[in-house]
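Visitor: Provided herewith: model.cif, mmCIF, C-alpha atoms and all ligand atoms.
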```
data_target
#
loop_
_atom_site.label_atom_id
_atom_site.label_comp_id
_atom_site.auth_asym_id
_atom_site.auth_seq_id
_atom_site.Cartn_x
_atom_site.Cartn_y
_atom_site.Cartn_z
CA MET A 5 -3.13 18.09 -23.96
CA PRO A 6 -6.59 17.45 -25.44
CA GLU A 7 -8.62 20.62 -26.08
CA LEU A 8 -11.69 19.15 -24.50
CA VAL A 9 -11.52 16.81 -21.58
CA ARG A 10 -14.68 14.80 -21.18
CA GLN A 11 -15.54 13.86 -17.63
CA GLY A 12 -18.98 13.89 -16.10
CA LYS A 13 -21.76 16.28 -17.12
CA PRO A 14 -21.82 18.90 -18.46
CA GLU A 15 -18.80 18.31 -20.63
CA VAL A 16 -15.72 19.67 -18.88
CA ARG A 17 -14.12 22.20 -21.18
CA VAL A 18 -11.61 23.47 -18.64
CA PRO A 19 -10.46 21.15 -15.84
CA LEU A 20 -9.71 22.69 -12.47
CA MET A 21 -6.50 20.67 -12.10
CA ARG A 22 -5.07 17.36 -13.22
CA PRO A 23 -1.97 15.45 -12.10
CA ILE A 24 0.58 14.98 -14.89
CA ILE A 25 2.08 11.51 -15.30
CA ASP A 26 4.50 11.13 -18.23
CA GLU A 27 6.36 8.17 -19.76
CA GLU A 28 9.50 8.73 -17.70
CA MET A 29 7.45 8.48 -14.50
CA VAL A 30 5.79 5.28 -15.65
CA GLU A 31 9.21 3.85 -16.54
CA ALA A 32 10.68 4.91 -13.17
CA ALA A 33 7.76 3.25 -11.36
CA LEU A 34 8.23 0.05 -13.34
CA GLN A 35 11.97 -0.03 -12.66
CA ALA A 36 11.40 0.43 -8.94
CA LEU A 37 8.66 -2.18 -8.91
CA GLN A 38 10.83 -4.78 -10.59
CA ASN A 39 14.20 -4.05 -9.04
CA GLU A 40 13.86 -2.52 -5.59
CA ARG A 41 12.52 -3.37 -2.16
CA LEU A 42 8.92 -2.21 -2.22
CA VAL A 43 9.24 -0.52 1.18
CA LEU A 44 12.25 1.69 2.00
CA GLY A 45 13.86 0.86 -1.35
CA GLU A 46 16.67 2.90 -2.86
CA SER A 47 14.29 5.36 -4.57
CA VAL A 48 12.91 6.47 -1.19
CA PHE A 49 16.33 7.64 -0.03
CA LYS A 50 17.19 9.17 -3.40
CA PHE A 51 13.91 11.09 -3.35
CA GLU A 52 14.59 12.31 0.18
CA GLU A 53 18.09 13.48 -0.72
CA ALA A 54 16.88 15.25 -3.85
CA PHE A 55 14.01 16.89 -1.98
CA ALA A 56 16.29 18.11 0.83
CA ARG A 57 18.65 19.60 -1.76
CA TYR A 58 15.76 21.24 -3.60
CA VAL A 59 14.29 22.85 -0.48
CA GLY A 60 17.72 23.76 0.89
CA VAL A 61 17.80 21.75 4.13
CA LYS A 62 20.05 19.02 5.48
CA TYR A 63 17.36 16.36 5.96
CA ALA A 64 14.13 15.26 4.31
CA ILE A 65 12.11 12.34 5.65
CA SER A 66 9.31 10.99 3.50
CA THR A 67 5.96 9.86 4.89
CA ASN A 68 2.74 8.40 3.52
CA SER A 69 0.83 11.72 3.65
CA GLY A 70 1.08 15.39 4.49
CA THR A 71 -1.20 14.80 7.46
CA ASN A 72 1.21 12.24 8.91
CA ALA A 73 4.17 14.49 8.10
CA LEU A 74 2.60 17.18 10.32
CA GLN A 75 1.75 14.80 13.13
CA ILE A 76 5.18 13.15 13.12
CA ALA A 77 6.87 16.55 12.94
CA LEU A 78 5.08 17.66 16.12
CA LEU A 79 6.03 14.44 17.92
CA ALA A 80 9.62 14.69 16.73
CA LEU A 81 9.77 18.23 18.12
CA GLY A 82 8.59 16.94 21.49
CA VAL A 83 5.07 18.41 21.48
CA LYS A 84 3.22 16.87 24.41
CA PRO A 85 -0.38 16.47 25.58
CA GLY A 86 -1.60 19.80 26.91
CA ASP A 87 0.70 21.91 24.69
CA HIS A 88 -0.88 24.49 22.40
CA VAL A 89 -0.20 24.62 18.65
CA LEU A 90 -1.07 27.98 17.14
CA THR A 91 -2.35 27.90 13.57
CA THR A 92 -4.80 29.41 11.11
CA PRO A 93 -8.43 28.37 10.73
CA ALA A 94 -8.22 29.08 6.98
CA SER A 95 -6.66 25.82 5.90
CA PHE A 96 -7.26 22.16 5.28
CA VAL A 97 -8.33 20.47 8.50
CA ALA A 98 -5.02 18.56 8.85
CA SER A 99 -3.24 21.81 9.84
CA ALA A 100 -5.11 21.67 13.15
CA ASN A 101 -5.82 17.93 13.42
CA CYS A 102 -2.10 17.26 13.79
CA ALA A 103 -2.19 18.95 17.20
CA LEU A 104 -5.14 16.81 18.34
CA HIS A 105 -3.45 13.67 17.05
CA VAL A 106 -0.56 14.19 19.46
CA GLY A 107 -2.80 15.09 22.39
CA ALA A 108 -2.07 18.81 22.09
CA GLU A 109 -4.64 21.53 21.47
CA PRO A 110 -4.94 23.66 18.33
CA VAL A 111 -5.35 27.37 19.04
CA PHE A 112 -6.38 29.61 16.15
CA ALA A 113 -5.46 33.13 15.12
CA ASP A 114 -7.02 35.01 12.21
CA ILE A 115 -5.44 35.61 8.81
CA ASP A 116 -4.07 38.67 7.06
CA MET A 117 -6.48 39.35 4.17
CA ARG A 118 -3.58 40.50 1.99
CA THR A 119 -2.09 37.00 1.92
CA TYR A 120 -4.76 34.75 3.48
CA THR A 121 -2.05 33.42 5.81
CA LEU A 122 -1.56 33.63 9.59
CA ASP A 123 -1.46 37.29 10.70
CA PRO A 124 1.57 37.75 12.99
CA ALA A 125 -0.22 40.42 15.07
CA GLU A 126 -3.20 38.10 15.60
CA ALA A 127 -0.81 35.24 16.36
CA ARG A 128 0.85 37.33 19.07
CA ARG A 129 -2.54 38.05 20.63
CA ALA A 130 -3.49 34.37 20.56
CA LEU A 131 -0.36 33.11 22.36
CA THR A 132 -0.93 31.33 25.65
CA GLU A 133 1.28 30.11 28.47
CA ARG A 134 1.11 26.70 26.88
CA THR A 135 1.93 27.60 23.26
CA LYS A 136 4.80 25.47 22.05
CA VAL A 137 4.56 25.69 18.27
CA ILE A 138 3.48 28.25 15.68
CA LEU A 139 2.23 26.47 12.56
CA PRO A 140 1.75 28.89 9.64
CA VAL A 141 0.23 27.59 6.40
CA HIS A 142 1.48 28.80 3.02
CA LEU A 143 -2.09 28.76 1.78
CA TYR A 144 -2.78 28.40 -1.96
CA GLY A 145 1.02 28.43 -2.55
CA HIS A 146 1.58 31.91 -1.08
CA PRO A 147 4.26 32.14 1.63
CA ALA A 148 3.19 33.32 5.07
CA ASP A 149 4.89 36.35 6.68
CA MET A 150 7.81 34.26 7.90
CA ASP A 151 10.09 37.09 9.12
CA ALA A 152 7.50 38.35 11.58
CA LEU A 153 6.47 34.86 12.65
CA MET A 154 10.08 33.71 13.16
CA ASP A 155 10.79 36.89 15.18
CA LEU A 156 7.75 36.21 17.34
CA ALA A 157 8.79 32.58 17.84
CA GLU A 158 12.32 33.59 18.78
CA GLU A 159 11.12 36.25 21.20
CA LYS A 160 8.85 33.74 22.96
CA GLY A 161 11.07 30.66 22.68
CA LEU A 162 8.67 28.77 20.39
CA LEU A 163 9.15 26.32 17.54
CA VAL A 164 7.85 26.93 14.02
CA VAL A 165 6.42 24.21 11.78
CA GLU A 166 5.70 25.39 8.25
CA ASP A 167 2.72 23.73 6.63
CA ALA A 168 4.06 23.86 3.08
CA CYS A 169 1.63 21.22 1.81
CA GLN A 170 0.37 23.65 -0.84
CA ALA A 171 3.61 25.43 -1.62
CA HIS A 172 6.33 23.21 -3.12
CA GLY A 173 8.98 25.55 -4.50
CA ALA A 174 7.50 28.83 -3.23
CA VAL A 175 10.20 31.33 -2.29
CA TYR A 176 10.28 33.71 0.66
CA LYS A 177 13.11 36.28 0.51
CA GLY A 178 15.53 33.99 -1.28
CA ARG A 179 14.66 30.84 0.66
CA LYS A 180 12.34 28.03 -0.29
CA VAL A 181 9.44 27.50 2.08
CA GLY A 182 10.01 24.46 4.27
CA SER A 183 13.56 25.63 5.04
CA ILE A 184 12.72 28.67 7.18
CA GLY A 185 10.99 27.26 10.26
CA HIS A 186 12.40 24.48 12.44
CA VAL A 187 10.50 21.95 10.36
CA GLY A 188 8.59 22.04 7.07
CA CYS A 189 5.86 19.62 5.97
CA PHE A 190 4.75 18.82 2.42
CA SER A 191 1.96 16.78 0.83
CA PHE A 192 2.14 14.91 -2.47
CA TYR A 193 -1.61 14.35 -2.78
CA PRO A 194 -2.43 14.17 -6.53
CA SER A 195 -3.78 17.73 -6.79
CA LYS A 196 -0.60 19.32 -5.41
CA ASN A 197 2.06 21.13 -7.46
CA MET A 198 3.90 17.81 -7.56
CA THR A 199 2.66 14.35 -6.62
CA VAL A 200 3.91 10.83 -6.09
CA ALA A 201 0.89 9.47 -7.99
CA GLY A 202 -0.96 8.82 -4.77
CA ASP A 203 -0.72 9.90 -1.16
CA GLY A 204 2.64 10.94 0.23
CA GLY A 205 4.37 13.55 2.33
CA MET A 206 7.76 14.94 3.36
CA ILE A 207 9.28 16.46 6.49
CA THR A 208 12.19 18.88 5.99
CA THR A 209 14.58 20.12 8.67
CA ASP A 210 18.16 21.10 9.46
CA ASP A 211 17.92 19.54 12.91
CA GLU A 212 19.60 16.14 13.03
CA GLU A 213 17.76 14.98 16.17
CA VAL A 214 14.38 15.91 14.74
CA ALA A 215 15.25 14.15 11.48
CA GLU A 216 16.28 11.02 13.34
CA ALA A 217 13.12 11.00 15.46
CA ALA A 218 10.93 11.56 12.38
CA ALA A 219 12.64 8.75 10.45
CA SER A 220 12.09 6.42 13.38
CA LEU A 221 8.47 7.49 14.02
CA ARG A 222 7.41 6.94 10.42
CA ASN A 223 9.07 3.49 10.52
CA CYS A 224 7.19 1.95 13.47
CA GLY A 225 9.45 3.65 16.03
CA ARG A 226 12.50 1.64 15.01
CA SER A 227 16.10 2.51 15.71
CA ASP A 228 17.16 -0.63 13.85
CA TRP A 229 14.98 -3.35 12.35
CA TYR A 230 14.43 -5.27 15.60
CA THR A 231 14.70 -2.42 18.10
CA PHE A 232 11.87 -0.01 18.89
CA GLU A 233 12.82 3.18 20.72
CA ARG A 234 9.54 5.02 20.17
CA VAL A 235 5.83 4.38 19.79
CA GLY A 236 5.81 4.87 16.06
CA PHE A 237 3.60 4.45 13.01
CA THR A 238 3.63 2.59 9.74
CA ALA A 239 3.76 5.86 7.81
CA ARG A 240 6.43 5.25 5.17
CA LEU A 241 6.29 6.39 1.57
CA ASN A 242 6.21 3.38 -0.76
CA THR A 243 9.20 2.89 -3.05
CA VAL A 244 7.23 3.02 -6.30
CA ASN A 245 5.68 6.32 -5.26
CA ALA A 246 9.10 7.72 -4.35
CA ALA A 247 10.45 6.73 -7.78
CA ILE A 248 7.65 8.73 -9.42
CA GLY A 249 8.23 11.60 -6.98
CA LEU A 250 11.87 11.83 -8.05
CA VAL A 251 10.87 12.48 -11.65
CA GLN A 252 8.05 14.83 -10.60
CA LEU A 253 10.53 16.88 -8.56
CA ARG A 254 12.65 17.38 -11.67
CA ARG A 255 9.60 18.89 -13.42
CA LEU A 256 8.53 21.06 -10.49
CA ASP A 257 10.32 24.32 -11.41
CA LYS A 258 9.08 24.15 -14.99
CA TRP A 259 5.53 23.47 -13.80
CA ASN A 260 5.68 26.30 -11.25
CA GLU A 261 6.85 28.66 -13.99
CA ALA A 262 3.87 27.56 -16.09
CA ARG A 263 1.56 28.26 -13.16
CA ARG A 264 3.07 31.74 -12.73
CA ARG A 265 2.63 32.47 -16.41
CA ILE A 266 -1.01 31.36 -16.30
CA ALA A 267 -1.52 33.50 -13.17
CA GLU A 268 -0.12 36.54 -15.04
CA LEU A 269 -2.62 35.97 -17.84
CA TYR A 270 -5.46 35.77 -15.31
CA TYR A 271 -4.28 39.00 -13.63
CA LYS A 272 -4.14 40.73 -17.00
CA LEU A 273 -7.54 39.57 -18.20
CA LEU A 274 -9.42 39.87 -14.90
CA SER A 275 -8.05 43.14 -13.52
CA GLY A 276 -10.47 46.01 -13.10
CA ILE A 277 -13.64 43.94 -12.76
CA GLU A 278 -15.69 45.60 -10.06
CA GLY A 279 -16.67 43.24 -7.27
CA LEU A 280 -13.91 40.74 -8.03
CA VAL A 281 -10.86 40.33 -5.78
CA LEU A 282 -7.78 38.70 -7.33
CA PRO A 283 -5.22 36.66 -5.33
CA PRO A 284 -2.08 38.16 -3.76
CA ARG A 285 0.75 38.39 -6.29
CA GLY A 286 3.69 38.31 -3.95
CA ASP A 287 6.20 41.14 -3.56
CA GLY A 288 9.41 41.99 -1.73
CA GLY A 289 11.03 38.66 -2.56
CA VAL A 290 7.87 36.61 -2.06
CA ARG A 291 7.28 34.28 -5.02
CA PRO A 292 4.08 32.26 -4.77
CA VAL A 293 3.57 29.04 -6.75
CA TYR A 294 -0.19 29.33 -7.32
CA HIS A 295 -1.17 25.92 -6.08
CA LEU A 296 -4.66 27.38 -6.45
CA PHE A 297 -5.85 30.56 -8.13
CA VAL A 298 -8.47 31.81 -5.69
CA ILE A 299 -10.69 34.73 -6.61
CA ARG A 300 -13.23 36.30 -4.26
CA THR A 301 -16.68 37.77 -4.80
CA GLU A 302 -19.88 38.35 -2.85
CA HIS A 303 -21.60 36.42 -5.65
CA ARG A 304 -19.42 33.34 -5.28
CA ASP A 305 -22.14 30.69 -5.42
CA ALA A 306 -23.82 32.17 -8.51
CA LEU A 307 -20.45 32.58 -10.27
CA ARG A 308 -19.60 28.98 -9.45
CA GLU A 309 -22.87 27.76 -10.94
CA TRP A 310 -22.33 29.91 -14.03
CA LEU A 311 -18.83 28.55 -14.62
CA LEU A 312 -19.82 24.93 -13.97
CA SER A 313 -22.78 25.20 -16.33
CA ASN A 314 -20.36 26.38 -19.01
CA GLY A 315 -17.96 23.49 -18.57
CA VAL A 316 -15.44 25.23 -16.30
CA GLU A 317 -14.55 23.20 -13.25
CA CYS A 318 -14.15 25.23 -10.10
CA ALA A 319 -14.10 24.48 -6.39
CA ILE A 320 -14.17 26.06 -2.96
CA HIS A 321 -11.09 25.89 -0.75
CA TYR A 322 -12.64 25.86 1.78
CA PRO A 323 -16.38 26.21 2.37
CA LEU A 324 -15.84 26.25 6.15
CA PRO A 325 -12.89 27.43 8.21
CA ILE A 326 -11.54 24.69 10.46
CA HIS A 327 -13.04 26.09 13.67
CA LEU A 328 -16.56 25.83 12.19
CA GLN A 329 -16.25 22.20 11.13
CA PRO A 330 -18.69 20.08 13.16
CA ILE A 331 -15.97 18.27 15.09
CA TYR A 332 -14.31 21.57 16.12
CA ARG A 333 -17.63 23.11 17.11
CA ARG A 334 -18.33 20.05 19.24
CA LEU A 335 -14.89 19.87 20.82
CA PHE A 336 -14.33 23.58 21.45
CA GLY A 337 -17.75 25.25 21.23
CA PHE A 338 -16.95 27.59 18.32
CA ARG A 339 -20.08 29.31 17.02
CA GLY A 340 -18.95 31.62 14.25
CA GLY A 341 -17.68 35.20 14.40
CA GLU A 342 -14.49 34.25 16.28
CA PHE A 343 -12.23 34.62 13.21
CA PRO A 344 -14.11 37.00 10.89
CA ARG A 345 -11.45 37.22 8.19
CA ALA A 346 -11.09 33.47 7.77
CA GLU A 347 -14.88 33.24 7.73
CA GLU A 348 -15.11 35.94 5.06
CA LEU A 349 -12.52 34.14 2.93
CA CYS A 350 -14.47 30.90 3.14
CA ARG A 351 -17.74 32.67 2.29
CA THR A 352 -16.40 34.43 -0.81
CA CYS A 353 -13.56 32.30 -2.25
CA LEU A 354 -13.63 30.40 -5.52
CA SER A 355 -10.77 28.39 -7.02
CA ILE A 356 -10.73 28.66 -10.80
CA PRO A 357 -8.71 26.34 -13.07
CA MET A 358 -4.97 26.33 -12.37
CA TRP A 359 -2.50 23.67 -13.45
CA PRO A 360 0.45 23.60 -15.86
CA GLY A 361 -1.53 21.91 -18.66
CA LEU A 362 -3.99 24.83 -19.08
CA THR A 363 -3.87 26.46 -22.50
CA ASP A 364 -4.08 30.22 -23.03
CA ASP A 365 -7.34 29.66 -24.91
CA GLN A 366 -8.80 27.88 -21.91
CA VAL A 367 -7.73 30.73 -19.61
CA ARG A 368 -9.26 33.28 -22.00
CA TYR A 369 -12.50 31.30 -22.09
CA VAL A 370 -12.70 31.26 -18.28
CA CYS A 371 -12.01 35.01 -18.14
CA GLU A 372 -14.61 35.82 -20.79
CA LEU A 373 -17.20 33.93 -18.79
CA ILE A 374 -16.27 35.77 -15.60
CA GLU A 375 -16.38 39.12 -17.39
CA GLU A 376 -19.80 38.32 -18.84
CA PHE A 377 -21.06 37.30 -15.40
CA PHE A 378 -20.11 40.67 -13.90
CA ASP A 379 -21.00 42.78 -16.97
CA LYS A 380 -24.50 41.42 -17.14
CA GLY A 381 -24.98 41.08 -13.37
CA LEU A 382 -25.92 37.45 -13.88
CA TRP A 383 -26.28 36.78 -10.16
CA ARG A 384 -29.46 38.89 -10.18
CA ARG A 385 -31.44 36.75 -12.53
CA GLY A 386 -30.19 33.40 -11.27
CA VAL A 387 -28.02 31.12 -13.27
CA PRO A 388 -29.36 28.58 -15.79
C1 LIG B 401 -2.53 23.01 3.88
C2 LIG B 401 -2.58 21.52 3.94
N1 LIG B 401 -2.13 20.89 5.06
C3 LIG B 401 -2.12 19.56 5.14
C4 LIG B 401 -2.58 18.75 4.12
C5 LIG B 401 -2.61 17.27 4.32
O1 LIG B 401 -1.94 16.58 3.32
P1 LIG B 401 -2.43 15.09 2.91
O2 LIG B 401 -3.69 15.22 2.13
O3 LIG B 401 -1.28 14.59 2.08
O4 LIG B 401 -2.59 14.31 4.15
C6 LIG B 401 -3.04 19.36 2.95
C7 LIG B 401 -3.50 18.63 1.77
O5 LIG B 401 -4.36 17.93 1.57
C8 LIG B 401 -3.07 20.77 2.87
O6 LIG B 401 -3.54 21.40 1.79
#
```
Let me see whether you can do it: turn the structure in this file into structure tokens.
Ligand SMILES: Cc1ncc(COP(=O)(O)O)c(C=O)c1O

Guide:
Amino acid sequence: MPELVRQGKPEVRVPLMRPIIDEEMVEAALQALQNERLVLGESVFKFEEAFARYVGVKYAISTNSGTNALQIALLALGVKPGDHVLTTPASFVASANCALHVGAEPVFADIDMRTYTLDPAEARRALTERTKVILPVHLYGHPADMDALMDLAEEKGLLVVEDACQAHGAVYKGRKVGSIGHVGCFSFYPSKNMTVAGDGGMITTDDEEVAEAAASLRNCGRSDWYTFERVGFTARLNTVNAAIGLVQLRRLDKWNEARRRIAELYYKLLSGIEGLVLPPRGDGGVRPVYHLFVIRTEHRDALREWLLSNGVECAIHYPLPIHLQPIYRRLFGFRGGEFPRAEELCRTCLSIPMWPGLTDDQVRYVCELIEEFFDKGLWRRGVP
């Protein structure tokens, strides 16, 4: 890995994240390109089998994005117009859009500030007569409180769709996320813990009927090539991408270990700084995979400027909770204040560099800058 990565201005000394594409992936892509059907080729099915085995479910159905994985999962579960899908406003917009895409309505409940994921007590309060699905998000790679959410779903006769788009390989009490709810959904967008070198997604489930419906829906609604049983989509994962995904999946555990090691170094170097909140570490059998390393401070914008001006890429995931996005304000009349914890997270969060290629020196450099920022109270005098 080069010490300095030059991209844009100022010179980037520490990238926020970068996808890793090695020779074996390039070779796998080439092989698939030259020897397989470009759509639904052998690599697609091999990738699905390997992914199902990895997550610990019977079936995995690939799609062309995480967004479409979520939408197809809801349709495959029989979610209908008018149904309510309960989720968190502290997520990427697709976690709620999937409900709208199938004619259902997203209903939000606030997060638990200890994990930034759906708070089961808030979820219980937000249930309606029409709730059909609870859709927790394993945000930043940290598993949601699945025991409590599964208990709630069972008590009320609801289905659970895990949005595991940021949590490939995360473990909750001995089980991989994506294998706990009725369905799990993953994204392979290039910034994720593993990618297919482009857009892609996966649906995981133990339910044969759901798997069959999902496989049909992502393939134009086919039951066989000339027979259409459903109103489906062209939402397949391309063969070349699947071939790359297969090799990426083999690297995933090693990469997640690297992320955990980097996280430990951050915890060590950043602990005890007044005014700085570090991410949840996981306990009681919860093993996060640090898709993002998200710190929080009241001085977020000044810290961001300070880091950027010193060549450290950082980002905000997310500047606005879903309910305050313009389209959600327009559709549902949200005004702010409805979900104070999600709003506080969005106001104070900052994602600092996290990916397996980070060196210890780079992590130390980031931490020194953060320490200096707080030691000298740099937010007071403005940032150069
Ligand atoms: C939590 C979450 N849900 C859903 C998605 C949608 O995935 P995609 O970008 O592959 O459509 C993403 C990623 O972008 C995500 O982070």

Visitor: Mind running chain A against ligand LIG 401 (chain B) at 6 Å and telling me each contacting residue's nearest atom pair with the distance in Å (one decimal), counting all atoms listed in the file, chain and number ascending, as a Markdown table?

Guide:
```
| residue | atom | partner | partner_atom | distance |
| --- | --- | --- | --- | --- |
| A:Ser69 | CA | B:LIG401 | O3 | 3.9 |
| A:Gly70 | CA | B:LIG401 | O1 | 3.5 |
| A:Thr71 | CA | B:LIG401 | O4 | 3.6 |
| A:Ser95 | CA | B:LIG401 | C1 | 5.4 |
| A:Phe96 | CA | B:LIG401 | C2 | 4.9 |
| A:Ala98 | CA | B:LIG401 | C3 | 4.8 |
| A:Ser99 | CA | B:LIG401 | N1 | 5.0 |
| A:Val141 | CA | B:LIG401 | C1 | 5.9 |
| A:Asp167 | CA | B:LIG401 | N1 | 5.8 |
| A:Cys169 | CA | B:LIG401 | C2 | 4.7 |
| A:Gln170 | CA | B:LIG401 | O6 | 5.2 |
| A:Ser191 | CA | B:LIG401 | O3 | 4.1 |
| A:Phe192 | CA | B:LIG401 | O3 | 5.7 |
| A:Tyr193 | CA | B:LIG401 | O3 | 4.9 |
| A:Asp203 | CA | B:LIG401 | O3 | 5.7 |
| A:Gly204 | CA | B:LIG401 | O3 | 5.7 |
| A:Gly205 | CA | B:LIG401 | O3 | 5.8 |
```

Visitor: For segment 178-279 of chain A versus segment 286-289 of chain A, which residues have an atom no more than 12 Å away, and what is each residue's nearest atom pair and distance in Å rounded to one decimal, using all atoms listed in the file, chain-then-number order, as a Markdown table?

Guide:
```
| residue | atom | partner | partner_atom | distance |
| --- | --- | --- | --- | --- |
| A:Gly178 | CA | A:Gly289 | CA | 6.6 |
| A:Arg179 | CA | A:Gly289 | CA | 9.2 |
| A:Lys180 | CA | A:Gly289 | CA | 10.9 |
| A:Arg264 | CA | A:Gly286 | CA | 11.0 |
| A:Ala267 | CA | A:Gly286 | CA | 11.6 |
| A:Glu268 | CA | A:Gly286 | CA | 11.9 |
```

Visitor: Check which residues of segment 96-138 of chain A sit at most 7 Å from segment 327-348 of chain A using all atoms listed in the file, and return one row each with the closest pair of atoms and their distance in Å to one decimal, ordered by chain and rising number, as a tab-separated table.

Guide:
```
residue	atom	partner	partner_atom	distance
A:Asp114	CA	A:Phe343	CA	5.3
A:Ile115	CA	A:Ala346	CA	6.1
A:Met117	CA	A:Arg345	CA	6.7
```

Visitor: Please measure the separation of atom CA of Gly361 of chain A and atom CA of Ala171 of chain A, giving the value in Å to one decimal.

Guide: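 Separation of atom CA of Gly361 of chain A and atom CA of Ala171 of chain A: 18.1 Å.
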
Visitor: Taking into account only C-alpha atoms, which residue in the set A:Leu250, A:Ala80, A:Leu349, A:Ala94 is nearest to Ser47 of chain A?

Guide: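 Looking only at the distances to Ser47 of chain A, the closest residue turns out to be A:Leu250.
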
Visitor: Which residues, written as an mmCIF file with C-alpha atoms, keeping the file's coordinate frame, have at least one atom at most 10 Å from Ile65 of chain A, with only C-alpha atoms counted and residues fewer than 6 positions away on the same chain left out?

Guide:
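To be explicit, this is the file written out as out_10.cif:
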```cif
data_model
loop_
_atom_site.group_PDB
_atom_site.id
_atom_site.type_symbol
_atom_site.label_atom_id
_atom_site.label_comp_id
_atom_site.auth_asym_id
_atom_site.auth_seq_id
_atom_site.Cartn_x
_atom_site.Cartn_y
_atom_site.Cartn_z
ATOM 1 C CA VAL A 48 12.910 6.470 -1.190
ATOM 2 C CA PHE A 49 16.330 7.640 -0.030
ATOM 3 C CA PHE A 51 13.910 11.090 -3.350
ATOM 4 C CA GLU A 52 14.590 12.310 0.180
ATOM 5 C CA GLU A 53 18.090 13.480 -0.720
ATOM 6 C CA PHE A 55 14.010 16.890 -1.980
ATOM 7 C CA ALA A 56 16.290 18.110 0.830
ATOM 8 C CA ALA A 73 4.170 14.490 8.100
ATOM 9 C CA ALA A 77 6.870 16.550 12.940
ATOM 10 C CA CYS A 189 5.860 19.620 5.970
ATOM 11 C CA GLY A 205 4.370 13.550 2.330
ATOM 12 C CA MET A 206 7.760 14.940 3.360
ATOM 13 C CA ILE A 207 9.280 16.460 6.490
ATOM 14 C CA THR A 208 12.190 18.880 5.990
ATOM 15 C CA THR A 209 14.580 20.120 8.670
ATOM 16 C CA ALA A 215 15.250 14.150 11.480
ATOM 17 C CA GLU A 216 16.280 11.020 13.340
ATOM 18 C CA ALA A 217 13.120 11.000 15.460
ATOM 19 C CA ALA A 218 10.930 11.560 12.380
ATOM 20 C CA ALA A 219 12.640 8.750 10.450
ATOM 21 C CA SER A 220 12.090 6.420 13.380
ATOM 22 C CA ARG A 222 7.410 6.940 10.420
ATOM 23 C CA ARG A 240 6.430 5.250 5.170
ATOM 24 C CA LEU A 241 6.290 6.390 1.570
#
```

Visitor: Just want the 9 Å neighbourhood of Ala168 of chain A, counted on only C-alpha atoms, with same-chain residues fewer than 3 positions away dropped. Output as a count of residues only.

Guide: 15

Visitor: In Å, with one decimal, what is the gap from atom CA of Gly86 of chain A to atom CA of Ala108 of chain A?

Guide: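 Interatomic distance here is 4.9 Å.
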